[in-house]
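*Asks:* This is the structure I want to talk about, given as structure tokens.
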Amino acid sequence: MLKKLSAGRVLAAGVAASLVLTGLVWLLGQRLHGVALLPDQGASWYYWKLPEPTVWTRLSAWGGYAAHQIAFWWLIHYAQTKVGRYSSGLHPVNVVALAVNTGFVVLHLLQTQLFYDGLAQDVSIFSSQGSVILLLVAVLLMENRRRGLFFGRPAPIRAEIVAFARRYHGYLFSWAAVYTFWYHPAETTSGHLIGFMYMFLLLLQGSLFLTRAHTARWWTVTLELAVAAHGTLVAVMNSGPGGAWPMFLFGFLGVFIVTQMHGLGLGRGTRWLIGLGYAGAALTVYALRGQPLGVSAIVRIPAIEYLLVAVLAVLLWLGLRAARLVRARAVQ
């Protein structure tokens, strides 16, 4: 019966459920307005954490995260070793994954109400941001041979590196989503709500492994582009309309222009129109801000992402090479 249940329909229902869960975060978060927090202390300071954490607040966050992470990793391992084939419908393990992730989402909402603190109490804010960036960079590497890295042309990355990333990316992606999800308390700022919506979609994507919906091009590129909306709105929230939000908006959209749109089957004329529209919008925004030369800032995010692709490829190559040497010595 599950085989007849279209993964595409489950995906659509999952997106709707993610919206409902985001609404629940907002609703329950109204009870958190009385929580006393320390004054903001700068860019490296995470504001939403208790001034005086306890053993129980820490255990509730780290215990919930650890259980969620181990459960998700085990499901991925089971799917790879016991199922191992793609289907247009759902596998039983997909149903279990959806139930497990939904259960832990509800658990974290309750944990916030009872104990408030997330993992942010003990780890840097940059670890949360970095986990999502690493996910996005890994996608660029994995998709290099299908859509290229620069205007449809692939970067010279060895096939074994891409194959390794494709085989084991689920463990990395689930860590990025689950870790970031438990990093934050379920607060109601616009940045939190958009971020939680994004995490719900990533958890949904992870739950649909080995289904055709998991690899649907427009769906996966939507997940990649969602970071542009999140980064832009958080920048507006933190520094207002006069802040650095165009750098985030046009920076992440720049990756779409250079790389991501070339895997969607769009015609050459369509891609040119999108590219010219992007360039015109960026120039107009910076001109209206009285900073026409400031448009150069939009290259920072793409430059960082493409540099990190190279770094990740080298690290994976070194790891694979080391593994081969170890195996060769073991045989001897």
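Residues in the structure tokens are named by chain (A, B, ... in the order shown) and by number from 1 within that chain; ligands are numbered from 1 in the order shown.
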As a PyMOL selection string, please: the residues near Tyr306 of chain A (cut-off 9 Å, only C-alpha atoms, same-chain neighbours under 4 positions excluded).
*Replies:* chain A and resi 137+140+149+255+301-302+310-311
*Asks:* Let's have the selection written as a compact mmCIF listing (two decimals), in the first residue's frame, with N, CA and C atoms.
*Replies:*
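Listing of part_13.txt after writing:
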```
# COMPACT_ATOMS: atom_id res chain seq x y z
N VAL A 137 27.38 23.66 0.69
CA VAL A 137 28.61 23.42 -0.06
C VAL A 137 28.68 21.97 -0.52
N LEU A 140 26.65 21.49 -3.63
CA LEU A 140 27.35 21.98 -4.82
C LEU A 140 28.34 20.93 -5.32
N LEU A 149 29.52 23.51 -12.05
CA LEU A 149 29.73 24.43 -10.94
C LEU A 149 29.76 25.88 -11.41
N VAL A 255 24.75 32.44 -6.45
CA VAL A 255 25.06 31.02 -6.58
C VAL A 255 24.02 30.34 -7.46
N ILE A 301 29.71 35.98 -0.86
CA ILE A 301 29.11 34.69 -0.49
C ILE A 301 29.40 33.63 -1.55
N PRO A 302 29.20 33.90 -2.85
CA PRO A 302 29.58 32.88 -3.85
C PRO A 302 31.05 32.52 -3.77
N ALA A 310 36.12 23.62 -2.96
CA ALA A 310 37.49 23.15 -3.23
C ALA A 310 38.12 22.55 -1.97
N VAL A 311 37.93 23.22 -0.84
CA VAL A 311 38.49 22.72 0.42
C VAL A 311 37.87 21.37 0.77
```
*Asks:* Neighbouring residues of segment 195-209 of chain A were defined as those with any atom within 6 Å, considering only C-alpha atoms; residues of the same chain fewer than 4 positions away were excluded. Please report them as a PyMOL selection string.
*Replies:* chain A and resi 18+22+94+97-98+177+191+214
*Asks:* Hey, can you spit out that residue selection with N, CA and C atoms as a PDB file, in the first residue's frame?
*Replies:*
```pdb
ATOM      1  N   SER A  18       4.766  21.384   7.724  1.00  0.00           N
ATOM      2  CA  SER A  18       5.848  22.255   8.199  1.00  0.00           C
ATOM      3  C   SER A  18       5.326  23.653   8.501  1.00  0.00           C
ATOM      4  N   THR A  22       5.358  25.406  12.139  1.00  0.00           N
ATOM      5  CA  THR A  22       5.903  26.751  12.334  1.00  0.00           C
ATOM      6  C   THR A  22       4.877  27.634  13.048  1.00  0.00           C
ATOM      7  N   ASN A  94      10.504   5.119   5.482  1.00  0.00           N
ATOM      8  CA  ASN A  94      10.169   6.534   5.321  1.00  0.00           C
ATOM      9  C   ASN A  94       9.078   6.953   6.291  1.00  0.00           C
ATOM     10  N   ALA A  97      10.660   7.293   9.612  1.00  0.00           N
ATOM     11  CA  ALA A  97      11.468   8.518   9.677  1.00  0.00           C
ATOM     12  C   ALA A  97      10.589   9.748   9.855  1.00  0.00           C
ATOM     13  N   LEU A  98       9.484   9.814   9.129  1.00  0.00           N
ATOM     14  CA  LEU A  98       8.570  10.945   9.274  1.00  0.00           C
ATOM     15  C   LEU A  98       8.010  11.013  10.688  1.00  0.00           C
ATOM     16  N   ALA A 177      20.916  19.482  10.005  1.00  0.00           N
ATOM     17  CA  ALA A 177      19.528  19.851  10.294  1.00  0.00           C
ATOM     18  C   ALA A 177      19.182  19.643  11.765  1.00  0.00           C
ATOM     19  N   GLY A 191      13.331  35.679  12.484  1.00  0.00           N
ATOM     20  CA  GLY A 191      14.469  34.848  12.127  1.00  0.00           C
ATOM     21  C   GLY A 191      14.310  33.419  12.605  1.00  0.00           C
ATOM     22  N   HIS A 214      12.794  12.815  -3.160  1.00  0.00           N
ATOM     23  CA  HIS A 214      14.053  13.229  -2.534  1.00  0.00           C
ATOM     24  C   HIS A 214      15.017  13.852  -3.544  1.00  0.00           C
TER      25      HIS A 214
END
```
*Asks:* Which one is closest to Pro154 of chain A: A:Thr215, A:Gln260, A:Ala99, A:Gln129? Count only C-alpha atoms.
*Replies:* A:Gln260
*Asks:* Using only C-alpha atoms, pick whichever of A:Thr102, A:Ser296, A:Ser131, A:Gln30 has the shortest atom-to-atom distance to Met247 of chain A.
*Replies:*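 Of all the options, A:Ser296 lies closest to Met247 of chain A.
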*Asks:* Quick check for you: according to DSSP on this backbone, which residues of segment 46-283 of chain A are classed as strand (DSSP E or B)? Reply as a VMD selection string.
*Replies:* chain A and resid 87 89 150 153 211
*Asks:* Enumerate, in order of chain and increasing residue number, the residues of segment 26-93 of chain A with an atom no farther than 9 Å from segment 163-171 of chain A, each with its shortest atom pair and distance in Å to one decimal, counting only C-alpha atoms, as JSON lines.
*Replies:*
```
{"residue": "A:Phe72", "atom": "CA", "partner": "A:Tyr171", "partner_atom": "CA", "distance": 8.4}
{"residue": "A:Trp73", "atom": "CA", "partner": "A:Tyr171", "partner_atom": "CA", "distance": 6.1}
{"residue": "A:Ile76", "atom": "CA", "partner": "A:Gly170", "partner_atom": "CA", "distance": 6.9}
{"residue": "A:His77", "atom": "CA", "partner": "A:Tyr171", "partner_atom": "CA", "distance": 8.7}
{"residue": "A:Gln80", "atom": "CA", "partner": "A:Arg167", "partner_atom": "CA", "distance": 8.8}
```
*Asks:* How many Å lie between atom CA of Leu264 of chain A and atom CA of Ile133 of chain A, rounded to one decimal?
*Replies:* 21.9 Å
